[in-house]
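Colleague: This is entry-v8.cif (mmCIF, C-alpha atoms and all ligand atoms).
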```
data_work
loop_
_atom_site.group_PDB
_atom_site.id
_atom_site.type_symbol
_atom_site.label_atom_id
_atom_site.label_comp_id
_atom_site.auth_asym_id
_atom_site.auth_seq_id
_atom_site.Cartn_x
_atom_site.Cartn_y
_atom_site.Cartn_z
ATOM 1 C CA MET W 1339 146.543 97.742 119.181
ATOM 2 C CA SER W 1340 143.691 99.702 120.733
ATOM 3 C CA LYS W 1341 140.271 99.443 119.173
ATOM 4 C CA PRO W 1342 138.710 102.451 117.390
ATOM 5 C CA LYS W 1343 136.163 104.305 119.508
ATOM 6 C CA VAL W 1344 132.509 104.453 118.489
ATOM 7 C CA LEU W 1345 129.574 106.396 119.932
ATOM 8 C CA VAL W 1346 126.073 104.912 119.897
ATOM 9 C CA ALA W 1347 123.962 108.029 120.180
ATOM 10 C CA ARG W 1348 120.595 106.525 121.229
ATOM 11 C CA GLY W 1349 119.307 103.364 122.853
ATOM 12 C CA ILE W 1350 119.621 100.225 120.733
ATOM 13 C CA PHE W 1351 119.414 96.428 121.046
ATOM 14 C CA PRO W 1352 121.932 94.962 123.532
ATOM 15 C CA GLU W 1353 122.940 92.485 120.772
ATOM 16 C CA THR W 1354 123.920 95.455 118.594
ATOM 17 C CA ILE W 1355 126.144 96.840 121.343
ATOM 18 C CA ALA W 1356 127.684 93.399 121.869
ATOM 19 C CA ARG W 1357 128.453 93.062 118.143
ATOM 20 C CA LEU W 1358 130.016 96.530 118.019
ATOM 21 C CA GLU W 1359 132.103 95.743 121.103
ATOM 22 C CA GLU W 1360 133.753 92.870 119.230
ATOM 23 C CA HIS W 1361 135.486 95.525 117.097
ATOM 24 C CA PHE W 1362 135.275 98.839 118.918
ATOM 25 C CA GLU W 1363 135.511 100.577 122.229
ATOM 26 C CA VAL W 1364 131.872 101.589 122.542
ATOM 27 C CA GLU W 1365 130.282 104.452 124.457
ATOM 28 C CA SER W 1366 126.547 103.968 124.306
ATOM 29 C CA ASN W 1367 123.468 105.893 125.349
ATOM 30 C CA GLN W 1368 121.380 102.927 126.478
ATOM 31 C CA ALA W 1369 119.465 105.260 128.810
ATOM 32 C CA ASP W 1370 118.318 106.899 125.554
ATOM 33 C CA ALA W 1371 118.807 110.412 126.963
ATOM 34 C CA LEU W 1372 118.183 113.123 124.366
ATOM 35 C CA TRP W 1373 121.516 114.928 124.098
ATOM 36 C CA THR W 1374 121.899 118.556 123.139
ATOM 37 C CA LYS W 1375 124.268 119.392 120.304
ATOM 38 C CA ALA W 1376 126.920 120.440 122.858
ATOM 39 C CA GLU W 1377 126.560 117.111 124.684
ATOM 40 C CA LEU W 1378 126.769 115.204 121.409
ATOM 41 C CA ILE W 1379 129.954 117.085 120.467
ATOM 42 C CA ALA W 1380 131.450 116.345 123.890
ATOM 43 C CA ARG W 1381 130.621 112.622 123.577
ATOM 44 C CA LEU W 1382 132.039 112.452 120.049
ATOM 45 C CA GLN W 1383 135.500 113.592 121.109
ATOM 46 C CA GLY W 1384 138.021 110.895 120.160
ATOM 47 C CA LYS W 1385 135.377 108.800 118.370
ATOM 48 C CA ALA W 1386 136.082 107.472 114.877
ATOM 49 C CA GLY W 1387 132.505 106.406 114.270
ATOM 50 C CA MET W 1388 128.964 107.161 115.306
ATOM 51 C CA PHE W 1389 125.910 104.891 115.223
ATOM 52 C CA SER W 1390 122.926 107.184 114.690
ATOM 53 C CA SER W 1391 119.218 106.490 114.902
ATOM 54 C CA GLY W 1392 118.737 109.203 112.286
ATOM 55 C CA THR W 1393 117.623 111.709 114.902
ATOM 56 C CA GLU W 1394 120.976 113.396 115.537
ATOM 57 C CA ARG W 1395 121.821 116.357 113.342
ATOM 58 C CA ILE W 1396 125.359 116.105 111.965
ATOM 59 C CA ASP W 1397 126.311 119.432 110.409
ATOM 60 C CA ALA W 1398 129.434 121.506 109.781
ATOM 61 C CA GLU W 1399 129.551 122.703 113.397
ATOM 62 C CA VAL W 1400 129.546 119.159 114.769
ATOM 63 C CA LEU W 1401 132.044 117.952 112.172
ATOM 64 C CA ASP W 1402 134.459 120.831 112.796
ATOM 65 C CA ALA W 1403 134.286 120.196 116.529
ATOM 66 C CA CYS W 1404 134.982 116.464 116.073
ATOM 67 C CA PRO W 1405 137.961 116.165 113.707
ATOM 68 C CA GLY W 1406 138.559 112.462 114.518
ATOM 69 C CA LEU W 1407 135.127 111.415 113.238
ATOM 70 C CA LYS W 1408 135.353 109.295 110.076
ATOM 71 C CA ILE W 1409 131.899 107.781 109.665
ATOM 72 C CA VAL W 1410 128.302 108.397 110.750
ATOM 73 C CA SER W 1411 126.146 105.325 110.239
ATOM 74 C CA ASN W 1412 122.382 105.929 110.206
ATOM 75 C CA MET W 1413 120.071 103.020 111.023
ATOM 76 C CA SER W 1414 117.419 104.668 108.831
ATOM 77 C CA VAL W 1415 116.937 104.924 105.108
ATOM 78 C CA GLY W 1416 116.234 108.657 105.433
ATOM 79 C CA TYR W 1417 119.333 110.757 106.061
ATOM 80 C CA ASN W 1418 118.084 114.319 106.218
ATOM 81 C CA ASN W 1419 119.793 114.535 109.634
ATOM 82 C CA LEU W 1420 123.140 114.384 107.823
ATOM 83 C CA ASP W 1421 124.623 117.355 105.990
ATOM 84 C CA VAL W 1422 126.166 115.097 103.380
ATOM 85 C CA ASP W 1423 127.880 117.972 101.535
ATOM 86 C CA ALA W 1424 129.573 119.131 104.740
ATOM 87 C CA MET W 1425 130.593 115.529 105.465
ATOM 88 C CA THR W 1426 132.016 115.043 101.977
ATOM 89 C CA ALA W 1427 133.959 118.307 102.218
ATOM 90 C CA ARG W 1428 135.593 117.023 105.427
ATOM 91 C CA GLY W 1429 136.162 113.456 104.234
ATOM 92 C CA VAL W 1430 133.568 111.957 106.595
ATOM 93 C CA LEU W 1431 131.506 109.046 105.296
ATOM 94 C CA GLY W 1432 127.754 108.871 105.785
ATOM 95 C CA THR W 1433 125.844 105.601 105.455
ATOM 96 C CA ASN W 1434 122.145 104.752 105.634
ATOM 97 C CA ALA W 1435 120.055 101.579 105.882
ATOM 98 C CA PRO W 1436 118.116 101.095 102.641
ATOM 99 C CA ASP W 1437 116.224 98.031 101.364
ATOM 100 C CA VAL W 1438 115.873 96.195 104.684
ATOM 101 C CA LEU W 1439 112.807 98.263 105.633
ATOM 102 C CA THR W 1440 111.129 98.622 102.235
ATOM 103 C CA GLU W 1441 108.365 96.028 102.548
ATOM 104 C CA THR W 1442 107.675 96.738 106.229
ATOM 105 C CA THR W 1443 107.322 100.447 105.524
ATOM 106 C CA ALA W 1444 105.107 99.796 102.498
ATOM 107 C CA ASP W 1445 102.916 97.568 104.708
ATOM 108 C CA PHE W 1446 102.564 100.416 107.168
ATOM 109 C CA GLY W 1447 101.795 102.970 104.458
ATOM 110 C CA PHE W 1448 98.977 100.733 103.357
ATOM 111 C CA ALA W 1449 97.795 100.172 106.935
ATOM 112 C CA LEU W 1450 97.670 103.924 107.511
ATOM 113 C CA LEU W 1451 95.813 104.413 104.239
ATOM 114 C CA MET W 1452 93.232 101.826 105.275
ATOM 115 C CA ALA W 1453 92.897 103.159 108.823
ATOM 116 C CA THR W 1454 92.397 106.659 107.436
ATOM 117 C CA ALA W 1455 89.980 105.801 104.633
ATOM 118 C CA ARG W 1456 87.902 103.514 106.877
ATOM 119 C CA ARG W 1457 88.026 105.859 109.897
ATOM 120 C CA ILE W 1458 89.363 103.144 112.184
ATOM 121 C CA ALA W 1459 91.015 105.370 114.813
ATOM 122 C CA GLU W 1460 88.122 107.812 114.952
ATOM 123 C CA SER W 1461 85.536 105.049 115.412
ATOM 124 C CA GLU W 1462 87.668 103.243 117.984
ATOM 125 C CA HIS W 1463 87.924 106.409 120.085
ATOM 126 C CA PHE W 1464 84.126 106.781 119.804
ATOM 127 C CA LEU W 1465 83.591 103.228 121.054
ATOM 128 C CA ARG W 1466 86.097 103.540 123.925
ATOM 129 C CA ALA W 1467 84.434 106.780 124.989
ATOM 130 C CA GLY W 1468 81.193 104.816 125.536
ATOM 131 C CA LYS W 1469 79.372 106.738 122.787
ATOM 132 C CA TRP W 1470 78.197 103.665 120.824
ATOM 133 C CA THR W 1471 74.549 103.242 121.727
ATOM 134 C CA LYS W 1472 73.088 101.968 118.426
ATOM 135 C CA TRP W 1473 73.946 100.920 114.871
ATOM 136 C CA ALA W 1474 73.306 103.633 112.295
ATOM 137 C CA TYR W 1475 73.298 103.545 108.498
ATOM 138 C CA ASP W 1476 75.775 106.413 108.210
ATOM 139 C CA MET W 1477 77.990 105.757 111.210
ATOM 140 C CA PHE W 1478 81.663 106.280 110.306
ATOM 141 C CA SER W 1479 81.127 105.739 106.585
ATOM 142 C CA GLY W 1480 84.438 106.223 104.886
ATOM 143 C CA ALA W 1481 85.986 105.874 101.444
ATOM 144 C CA ASP W 1482 86.450 102.664 99.481
ATOM 145 C CA ILE W 1483 89.949 101.378 98.901
ATOM 146 C CA HIS W 1484 89.329 98.593 96.376
ATOM 147 C CA GLY W 1485 88.774 99.955 92.891
ATOM 148 C CA SER W 1486 89.780 103.506 93.860
ATOM 149 C CA THR W 1487 92.640 105.577 92.437
ATOM 150 C CA LEU W 1488 95.885 105.536 94.392
ATOM 151 C CA GLY W 1489 98.280 108.429 93.759
ATOM 152 C CA ILE W 1490 101.851 107.951 94.933
ATOM 153 C CA ILE W 1491 104.259 110.882 95.085
ATOM 154 C CA GLY W 1492 107.805 109.511 95.247
ATOM 155 C CA MET W 1493 108.210 106.206 93.412
ATOM 156 C CA GLY W 1494 111.351 104.788 94.969
ATOM 157 C CA ARG W 1495 111.471 101.320 96.508
ATOM 158 C CA ILE W 1496 108.822 102.027 99.173
ATOM 159 C CA GLY W 1497 106.529 103.789 96.693
ATOM 160 C CA GLN W 1498 106.805 100.793 94.374
ATOM 161 C CA GLY W 1499 105.916 98.481 97.271
ATOM 162 C CA ILE W 1500 102.786 100.505 97.985
ATOM 163 C CA ALA W 1501 101.873 100.503 94.284
ATOM 164 C CA ARG W 1502 102.134 96.686 94.144
ATOM 165 C CA ARG W 1503 99.938 96.305 97.197
ATOM 166 C CA GLY W 1504 97.342 98.678 95.783
ATOM 167 C CA ALA W 1505 97.272 97.342 92.233
ATOM 168 C CA HIS W 1506 97.682 93.624 92.860
ATOM 169 C CA GLY W 1507 95.999 93.320 96.252
ATOM 170 C CA PHE W 1508 93.141 95.804 96.033
ATOM 171 C CA GLY W 1509 92.534 96.333 92.338
ATOM 172 C CA MET W 1510 93.370 100.023 92.615
ATOM 173 C CA LYS W 1511 94.237 102.162 89.650
ATOM 174 C CA VAL W 1512 97.744 103.408 90.463
ATOM 175 C CA ILE W 1513 99.194 106.685 89.251
ATOM 176 C CA TYR W 1514 102.499 108.098 90.410
ATOM 177 C CA HIS W 1515 104.623 111.199 90.249
ATOM 178 C CA ASN W 1516 108.391 111.086 90.595
ATOM 179 C CA ARG W 1517 111.431 113.128 89.588
ATOM 180 C CA SER W 1518 111.997 110.616 86.805
ATOM 181 C CA ARG W 1519 109.710 108.055 85.187
ATOM 182 C CA LEU W 1520 110.192 104.384 85.973
ATOM 183 C CA ASP W 1521 111.214 102.220 83.063
ATOM 184 C CA ALA W 1522 108.383 100.495 81.225
ATOM 185 C CA SER W 1523 108.984 97.088 82.803
ATOM 186 C CA MET W 1524 108.797 98.513 86.337
ATOM 187 C CA GLU W 1525 105.659 100.494 85.465
ATOM 188 C CA ALA W 1526 104.127 97.237 84.212
ATOM 189 C CA GLU W 1527 105.194 95.316 87.341
ATOM 190 C CA CYS W 1528 103.663 97.970 89.601
ATOM 191 C CA LYS W 1529 100.690 98.457 87.223
ATOM 192 C CA ALA W 1530 101.360 102.176 87.634
ATOM 193 C CA SER W 1531 101.169 105.034 85.177
ATOM 194 C CA TYR W 1532 102.981 108.342 85.331
ATOM 195 C CA ALA W 1533 101.074 111.573 86.022
ATOM 196 C CA SER W 1534 101.995 115.190 86.599
ATOM 197 C CA LYS W 1535 101.764 116.206 90.243
ATOM 198 C CA GLU W 1536 98.768 118.388 89.422
ATOM 199 C CA ASP W 1537 96.856 115.626 87.615
ATOM 200 C CA LEU W 1538 97.657 113.166 90.368
ATOM 201 C CA LEU W 1539 96.339 115.502 93.067
ATOM 202 C CA LYS W 1540 93.180 116.204 91.052
ATOM 203 C CA THR W 1541 92.327 112.578 90.304
ATOM 204 C CA ALA W 1542 93.590 110.394 93.174
ATOM 205 C CA ASP W 1543 91.220 109.155 95.869
ATOM 206 C CA HIS W 1544 94.159 108.402 98.150
ATOM 207 C CA VAL W 1545 97.445 110.286 97.927
ATOM 208 C CA VAL W 1546 100.509 108.695 99.552
ATOM 209 C CA LEU W 1547 103.733 110.665 100.058
ATOM 210 C CA VAL W 1548 107.001 108.746 99.974
ATOM 211 C CA VAL W 1549 109.514 111.387 98.836
ATOM 212 C CA PRO W 1550 112.803 111.930 100.677
ATOM 213 C CA TYR W 1551 113.084 115.261 102.482
ATOM 214 C CA SER W 1552 115.334 117.952 101.026
ATOM 215 C CA PRO W 1553 114.967 121.710 100.686
ATOM 216 C CA ALA W 1554 113.509 121.006 97.214
ATOM 217 C CA SER W 1555 110.768 118.758 98.633
ATOM 218 C CA HIS W 1556 109.909 121.086 101.547
ATOM 219 C CA HIS W 1557 106.117 121.589 101.616
ATOM 220 C CA THR W 1558 105.524 119.439 98.548
ATOM 221 C CA ILE W 1559 101.953 119.564 99.852
ATOM 222 C CA GLY W 1560 100.712 122.939 101.071
ATOM 223 C CA ALA W 1561 97.430 124.828 100.865
ATOM 224 C CA ALA W 1562 97.633 125.219 97.064
ATOM 225 C CA GLU W 1563 98.179 121.492 96.501
ATOM 226 C CA ILE W 1564 95.464 120.495 98.966
ATOM 227 C CA ALA W 1565 93.085 122.804 97.078
ATOM 228 C CA LEU W 1566 93.583 120.622 93.985
ATOM 229 C CA MET W 1567 92.522 117.432 95.791
ATOM 230 C CA LYS W 1568 89.027 115.979 95.799
ATOM 231 C CA PRO W 1569 86.949 116.805 98.895
ATOM 232 C CA THR W 1570 86.591 113.037 99.391
ATOM 233 C CA ALA W 1571 90.339 112.341 99.140
ATOM 234 C CA THR W 1572 92.727 111.166 101.838
ATOM 235 C CA LEU W 1573 96.379 112.159 102.270
ATOM 236 C CA ILE W 1574 98.994 109.848 103.805
ATOM 237 C CA ASN W 1575 102.487 111.003 104.824
ATOM 238 C CA ILE W 1576 105.000 108.282 105.700
ATOM 239 C CA ALA W 1577 107.915 110.229 104.181
ATOM 240 C CA ARG W 1578 109.263 112.958 106.444
ATOM 241 C CA GLY W 1579 107.940 115.898 108.377
ATOM 242 C CA GLY W 1580 108.302 119.063 106.332
ATOM 243 C CA ILE W 1581 107.042 117.395 103.144
ATOM 244 C CA VAL W 1582 103.573 118.555 104.221
ATOM 245 C CA ASP W 1583 102.697 121.996 105.553
ATOM 246 C CA ASP W 1584 101.090 120.634 108.733
ATOM 247 C CA ALA W 1585 99.434 123.949 109.660
ATOM 248 C CA ALA W 1586 97.762 124.210 106.232
ATOM 249 C CA LEU W 1587 96.712 120.556 106.437
ATOM 250 C CA ALA W 1588 95.090 121.058 109.850
ATOM 251 C CA VAL W 1589 93.015 123.935 108.423
ATOM 252 C CA ALA W 1590 92.005 121.832 105.396
ATOM 253 C CA LEU W 1591 90.979 118.906 107.618
ATOM 254 C CA ARG W 1592 88.964 121.125 109.937
ATOM 255 C CA GLU W 1593 87.191 122.749 106.971
ATOM 256 C CA LYS W 1594 86.700 119.301 105.335
ATOM 257 C CA ARG W 1595 88.445 120.420 102.154
ATOM 258 C CA ILE W 1596 89.741 116.855 102.075
ATOM 259 C CA ALA W 1597 88.162 113.928 103.906
ATOM 260 C CA ALA W 1598 91.013 112.741 106.085
ATOM 261 C CA ALA W 1599 94.749 112.327 106.551
ATOM 262 C CA GLY W 1600 97.088 109.737 108.031
ATOM 263 C CA LEU W 1601 100.409 111.036 109.306
ATOM 264 C CA ASP W 1602 103.376 109.093 110.646
ATOM 265 C CA VAL W 1603 105.834 112.001 110.407
ATOM 266 C CA PHE W 1604 105.600 115.647 111.437
ATOM 267 C CA GLU W 1605 107.327 118.974 111.021
ATOM 268 C CA GLY W 1606 109.493 119.402 114.138
ATOM 269 C CA GLU W 1607 108.659 115.926 115.499
ATOM 270 C CA PRO W 1608 108.320 114.654 118.163
ATOM 271 C CA LYS W 1609 106.295 117.848 118.507
ATOM 272 C CA VAL W 1610 103.009 117.682 116.602
ATOM 273 C CA HIS W 1611 101.214 120.791 115.375
ATOM 274 C CA PRO W 1612 98.597 121.435 118.094
ATOM 275 C CA ASP W 1613 95.823 121.969 115.541
ATOM 276 C CA LEU W 1614 96.328 118.419 114.220
ATOM 277 C CA LEU W 1615 95.668 117.077 117.709
ATOM 278 C CA THR W 1616 92.213 118.621 117.790
ATOM 279 C CA VAL W 1617 90.817 117.565 114.397
ATOM 280 C CA PRO W 1618 89.055 114.190 114.387
ATOM 281 C CA ASN W 1619 89.658 113.219 110.768
ATOM 282 C CA VAL W 1620 93.365 112.500 111.059
ATOM 283 C CA VAL W 1621 95.180 109.343 112.161
ATOM 284 C CA LEU W 1622 98.431 110.188 113.951
ATOM 285 C CA THR W 1623 101.244 107.717 114.641
ATOM 286 C CA PRO W 1624 104.702 108.419 116.132
ATOM 287 C CA HIS W 1625 107.064 107.673 113.197
ATOM 288 C CA ILE W 1626 106.690 103.896 113.382
ATOM 289 C CA ALA W 1627 106.418 102.901 109.717
ATOM 290 C CA SER W 1628 109.524 100.705 109.895
ATOM 291 C CA ALA W 1629 108.830 99.471 113.419
ATOM 292 C CA THR W 1630 108.554 95.697 113.346
ATOM 293 C CA VAL W 1631 110.860 93.607 115.488
ATOM 294 C CA PRO W 1632 112.631 91.860 112.570
ATOM 295 C CA THR W 1633 112.977 95.032 110.512
ATOM 296 C CA ARG W 1634 114.356 97.149 113.356
ATOM 297 C CA HIS W 1635 116.915 94.355 113.959
ATOM 298 C CA ALA W 1636 117.778 94.329 110.245
ATOM 299 C CA MET W 1637 118.224 98.116 110.254
ATOM 300 C CA ALA W 1638 120.501 97.952 113.308
ATOM 301 C CA ASP W 1639 122.465 95.074 111.740
ATOM 302 C CA LEU W 1640 123.031 97.044 108.531
ATOM 303 C CA ALA W 1641 124.138 100.156 110.427
ATOM 304 C CA THR W 1642 126.518 97.942 112.422
ATOM 305 C CA ALA W 1643 127.875 96.290 109.267
ATOM 306 C CA ASN W 1644 128.564 99.730 107.806
ATOM 307 C CA LEU W 1645 130.634 100.751 110.840
ATOM 308 C CA ILE W 1646 132.536 97.471 111.012
ATOM 309 C CA GLY W 1647 133.104 97.312 107.253
ATOM 310 C CA PHE W 1648 134.359 100.864 106.981
ATOM 311 C CA LEU W 1649 136.433 101.143 110.147
ATOM 312 C CA THR W 1650 138.053 97.696 109.858
ATOM 313 C CA GLN W 1651 138.316 97.217 106.080
ATOM 314 C CA GLY W 1652 137.683 100.648 104.578
ATOM 315 C CA LYS W 1653 134.501 99.473 102.839
ATOM 316 C CA ALA W 1654 130.926 100.268 103.889
ATOM 317 C CA VAL W 1655 127.893 98.327 102.647
ATOM 318 C CA SER W 1656 125.644 101.289 101.844
ATOM 319 C CA PRO W 1657 127.721 104.474 101.583
ATOM 320 C CA LEU W 1658 126.030 107.790 100.759
ATOM 321 C CA ASN W 1659 129.159 109.709 99.736
ATOM 322 C CA PRO W 1660 131.819 107.134 98.866
HETATM 323 C C1 LIG D 1701 113.737 105.694 107.947
HETATM 324 O O1 LIG D 1701 114.407 104.663 107.911
HETATM 325 O O2 LIG D 1701 114.063 106.718 107.347
HETATM 326 C C2 LIG D 1701 112.517 105.673 108.791
HETATM 327 O O3 LIG D 1701 111.749 106.818 108.627
HETATM 328 C C3 LIG D 1701 112.895 105.483 110.247
HETATM 329 O O4 LIG D 1701 113.592 106.608 110.667
#
```
Can the structure from this file be put into structure tokens for me?
Modeller:
Amino acid sequence: MSKPKVLVARGIFPETIARLEEHFEVESNQADALWTKAELIARLQGKAGMFSSGTERIDAEVLDACPGLKIVSNMSVGYNNLDVDAMTARGVLGTNAPDVLTETTADFGFALLMATARRIAESEHFLRAGKWTKWAYDMFSGADIHGSTLGIIGMGRIGQGIARRGAHGFGMKVIYHNRSRLDASMEAECKASYASKEDLLKTADHVVLVVPYSPASHHTIGAAEIALMKPTATLINIARGGIVDDAALAVALREKRIAAAGLDVFEGEPKVHPDLLTVPNVVLTPHIASATVPTRHAMADLATANLIGFLTQGKAVSPLNP
């Protein structure tokens, strides 16, 4: 019997390809070329499954053009590249890769918070540019982290990980806003208390965004929300581009309406709003919050297990629309 055909849409570990080849006939994009939608549709012809890095948009047009497709397996926890409703309507399964990246991503959120509050990137650029000629009492003074108030918007697994780091590791007062309140035992474990979005923005010294992207969360932070924040506050986005109005944020940073921002994700990435590239008080990283060697392997392994489980036994590990 011939093996089902699977498309791997971006470059991935050779071990991942080898594992998939045990079960499938694999076409892979190890050159990591960025395909257009038309190219993706052409490659998906005859494929039962697709291994996605989370960067390929799978919508009604793609699904209608690829009637043999049964599963799209994202190696990311975020799945805003998938039109899950359109997939469900056509009987196509979507899967994501939750849990395996939670702690790594929370580590990075905290690293970005610290780099932003303590002006690490800005001061490093200053030093590399040969501008450091003397010590000065006010050189690159930033904001304290220990003992400050941490506001987390989006209190899923990664938000909870950031709360634990802040409360237990740095003695921060943690407040959070979420669609629904955590139960009392989880609030106690994270030492976090619930706040309205408005109160959180008004009182937090450091605001961290960890909400999934959807039309409802588009521009969760825009000019009006930034106006509520303290002029000394920092804003960290490790969630998704589009959660923050990047143009409004660039204006606020330039006018020092808030002290600084740390951004790992951008509207329209890999493009970055040009105004963000010219303000000094922002730390910019290229969507690497989950990028450690073990975690990226774990994400690829889970995406692989979803394809193998579903296409060989009808059962995925982490289905989105079972
Ligand atoms: C995720 O898993 O959603 C990360 O943002 C990597 O894409």
Colleague: Go through the shown structure with the PyMOL selection byres (((not hetatm)) within 10 of (chain D and resi 1701)) and write out the matching residues as a PyMOL selection string.
Modeller: chain W and resi 1391-1393+1412-1419+1434-1440+1443+1550-1551+1576-1579+1602-1603+1625-1629+1634+1637
Colleague: Counting all atoms listed in the file, find the residues whose atoms lie at most 10 Å from (123.0, 106.8, 121.9) (file coordinates) and write them out as a list in words.
Modeller: Leu1345, Val1346, Ala1347, Arg1348, Gly1349, Ile1350, Glu1365, Ser1366, Asn1367, Gln1368, Ala1369, Asp1370, Ala1371, Leu1372, Trp1373, Leu1378, Arg1381, Met1388, Phe1389, Ser1390, Ser1391 and Glu1394 of chain W
Colleague: Keeping C-alpha atoms for every residue in the selection just given, could you write it to a file as a compact mmCIF listing (two decimals), in the frame of the given file?
Modeller:
```txt
# COMPACT_ATOMS: atom_id res chain seq x y z
CA LEU W 1345 129.57 106.40 119.93
CA VAL W 1346 126.07 104.91 119.90
CA ALA W 1347 123.96 108.03 120.18
CA ARG W 1348 120.60 106.52 121.23
CA GLY W 1349 119.31 103.36 122.85
CA ILE W 1350 119.62 100.22 120.73
CA GLU W 1365 130.28 104.45 124.46
CA SER W 1366 126.55 103.97 124.31
CA ASN W 1367 123.47 105.89 125.35
CA GLN W 1368 121.38 102.93 126.48
CA ALA W 1369 119.46 105.26 128.81
CA ASP W 1370 118.32 106.90 125.55
CA ALA W 1371 118.81 110.41 126.96
CA LEU W 1372 118.18 113.12 124.37
CA TRP W 1373 121.52 114.93 124.10
CA LEU W 1378 126.77 115.20 121.41
CA ARG W 1381 130.62 112.62 123.58
CA MET W 1388 128.96 107.16 115.31
CA PHE W 1389 125.91 104.89 115.22
CA SER W 1390 122.93 107.18 114.69
CA SER W 1391 119.22 106.49 114.90
CA GLU W 1394 120.98 113.40 115.54
```
Colleague: What separation in Å, quoted to one decimal, exists between CA of Val1546 in chain W and CA of Glu1605 in chain W?
Modeller: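 Between CA of Val1546 in chain W and CA of Glu1605 in chain W the gap is 16.8 Å.
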Colleague: Which is closest to Asp1639 in chain W among W:Ile1500, W:Val1655, W:Ile1379, W:Val1545, if we use all atoms listed in the file?
Modeller: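 Of all the options, W:Val1655 lies closest to Asp1639 in chain W.
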Colleague: State, in Å with one decimal place, the distance from CA of Arg1595 in chain W to CA of Ala1571 in chain W.
Modeller: 8.8 Å
Colleague: Write out as a VMD selection string the residues lying within 12 Å of Cys1528 in chain W, counting only C-alpha atoms and excluding same-chain residues fewer than 2 positions away.
Modeller: chain W and resid 1488 1490 1493 to 1507 1509 to 1514 1520 to 1526 1530 to 1532
Colleague: Suppose a student applies the PyMOL selection byres (((chain W and resi 1400-1404) around 9) and not hetatm) to this structure; what residues should they get, written as a list in words?
Modeller: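 Those residues are Lys1375, Ala1376, Leu1378, Ile1379, Ala1380, Leu1382, Gln1383, Gly1384, Lys1385, Arg1395, Ile1396, Asp1397, Ala1398, Glu1399, Pro1405, Gly1406, Leu1407, Ala1424, Met1425, Arg1428 and Val1430 of chain W.
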Colleague: Print the selection's residues with C-alpha atoms to a file, as a PDB file, in the coordinates of the input.
Modeller:
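Writing done, so here's again.pdb:
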```pdb
ATOM      1  CA  LYS W1375     124.268 119.392 120.304  1.00  0.00           C
ATOM      2  CA  ALA W1376     126.920 120.440 122.858  1.00  0.00           C
ATOM      3  CA  LEU W1378     126.769 115.204 121.409  1.00  0.00           C
ATOM      4  CA  ILE W1379     129.954 117.085 120.467  1.00  0.00           C
ATOM      5  CA  ALA W1380     131.450 116.345 123.890  1.00  0.00           C
ATOM      6  CA  LEU W1382     132.039 112.452 120.049  1.00  0.00           C
ATOM      7  CA  GLN W1383     135.500 113.592 121.109  1.00  0.00           C
ATOM      8  CA  GLY W1384     138.021 110.895 120.160  1.00  0.00           C
ATOM      9  CA  LYS W1385     135.377 108.800 118.370  1.00  0.00           C
ATOM     10  CA  ARG W1395     121.821 116.357 113.342  1.00  0.00           C
ATOM     11  CA  ILE W1396     125.359 116.105 111.965  1.00  0.00           C
ATOM     12  CA  ASP W1397     126.311 119.432 110.409  1.00  0.00           C
ATOM     13  CA  ALA W1398     129.434 121.506 109.781  1.00  0.00           C
ATOM     14  CA  GLU W1399     129.551 122.703 113.397  1.00  0.00           C
ATOM     15  CA  PRO W1405     137.961 116.165 113.707  1.00  0.00           C
ATOM     16  CA  GLY W1406     138.559 112.462 114.518  1.00  0.00           C
ATOM     17  CA  LEU W1407     135.127 111.415 113.238  1.00  0.00           C
ATOM     18  CA  ALA W1424     129.573 119.131 104.740  1.00  0.00           C
ATOM     19  CA  MET W1425     130.593 115.529 105.465  1.00  0.00           C
ATOM     20  CA  ARG W1428     135.593 117.023 105.427  1.00  0.00           C
ATOM     21  CA  VAL W1430     133.568 111.957 106.595  1.00  0.00           C
TER      22      VAL W1430
END
```
Colleague: Calculate how many Å separate CA of Ala1643 in chain W from CA of Leu1431 in chain W, rounding to one decimal.
Modeller: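 Going from CA of Ala1643 in chain W over to CA of Leu1431 in chain W covers 13.8 Å.
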Colleague: Run the PyMOL selection byres (((chain W and resi 1454-1471) around 8) and not hetatm) on the file and write out the hits as a PDB file with C-alpha atoms, in the frame of the given file.
Modeller:
```pdb
ATOM      1  CA  LEU W1450      97.670 103.924 107.511  1.00  0.00           C
ATOM      2  CA  LEU W1451      95.813 104.413 104.239  1.00  0.00           C
ATOM      3  CA  MET W1452      93.232 101.826 105.275  1.00  0.00           C
ATOM      4  CA  ALA W1453      92.897 103.159 108.823  1.00  0.00           C
ATOM      5  CA  LYS W1472      73.088 101.968 118.426  1.00  0.00           C
ATOM      6  CA  TRP W1473      73.946 100.920 114.871  1.00  0.00           C
ATOM      7  CA  PHE W1478      81.663 106.280 110.306  1.00  0.00           C
ATOM      8  CA  SER W1479      81.127 105.739 106.585  1.00  0.00           C
ATOM      9  CA  GLY W1480      84.438 106.223 104.886  1.00  0.00           C
ATOM     10  CA  ALA W1481      85.986 105.874 101.444  1.00  0.00           C
ATOM     11  CA  ASP W1482      86.450 102.664  99.481  1.00  0.00           C
ATOM     12  CA  ILE W1483      89.949 101.378  98.901  1.00  0.00           C
ATOM     13  CA  THR W1572      92.727 111.166 101.838  1.00  0.00           C
ATOM     14  CA  ALA W1598      91.013 112.741 106.085  1.00  0.00           C
ATOM     15  CA  ALA W1599      94.749 112.327 106.551  1.00  0.00           C
ATOM     16  CA  GLY W1600      97.088 109.737 108.031  1.00  0.00           C
ATOM     17  CA  PRO W1618      89.055 114.190 114.387  1.00  0.00           C
ATOM     18  CA  ASN W1619      89.658 113.219 110.768  1.00  0.00           C
ATOM     19  CA  VAL W1620      93.365 112.500 111.059  1.00  0.00           C
ATOM     20  CA  VAL W1621      95.180 109.343 112.161  1.00  0.00           C
TER      21      VAL W1621
END
```
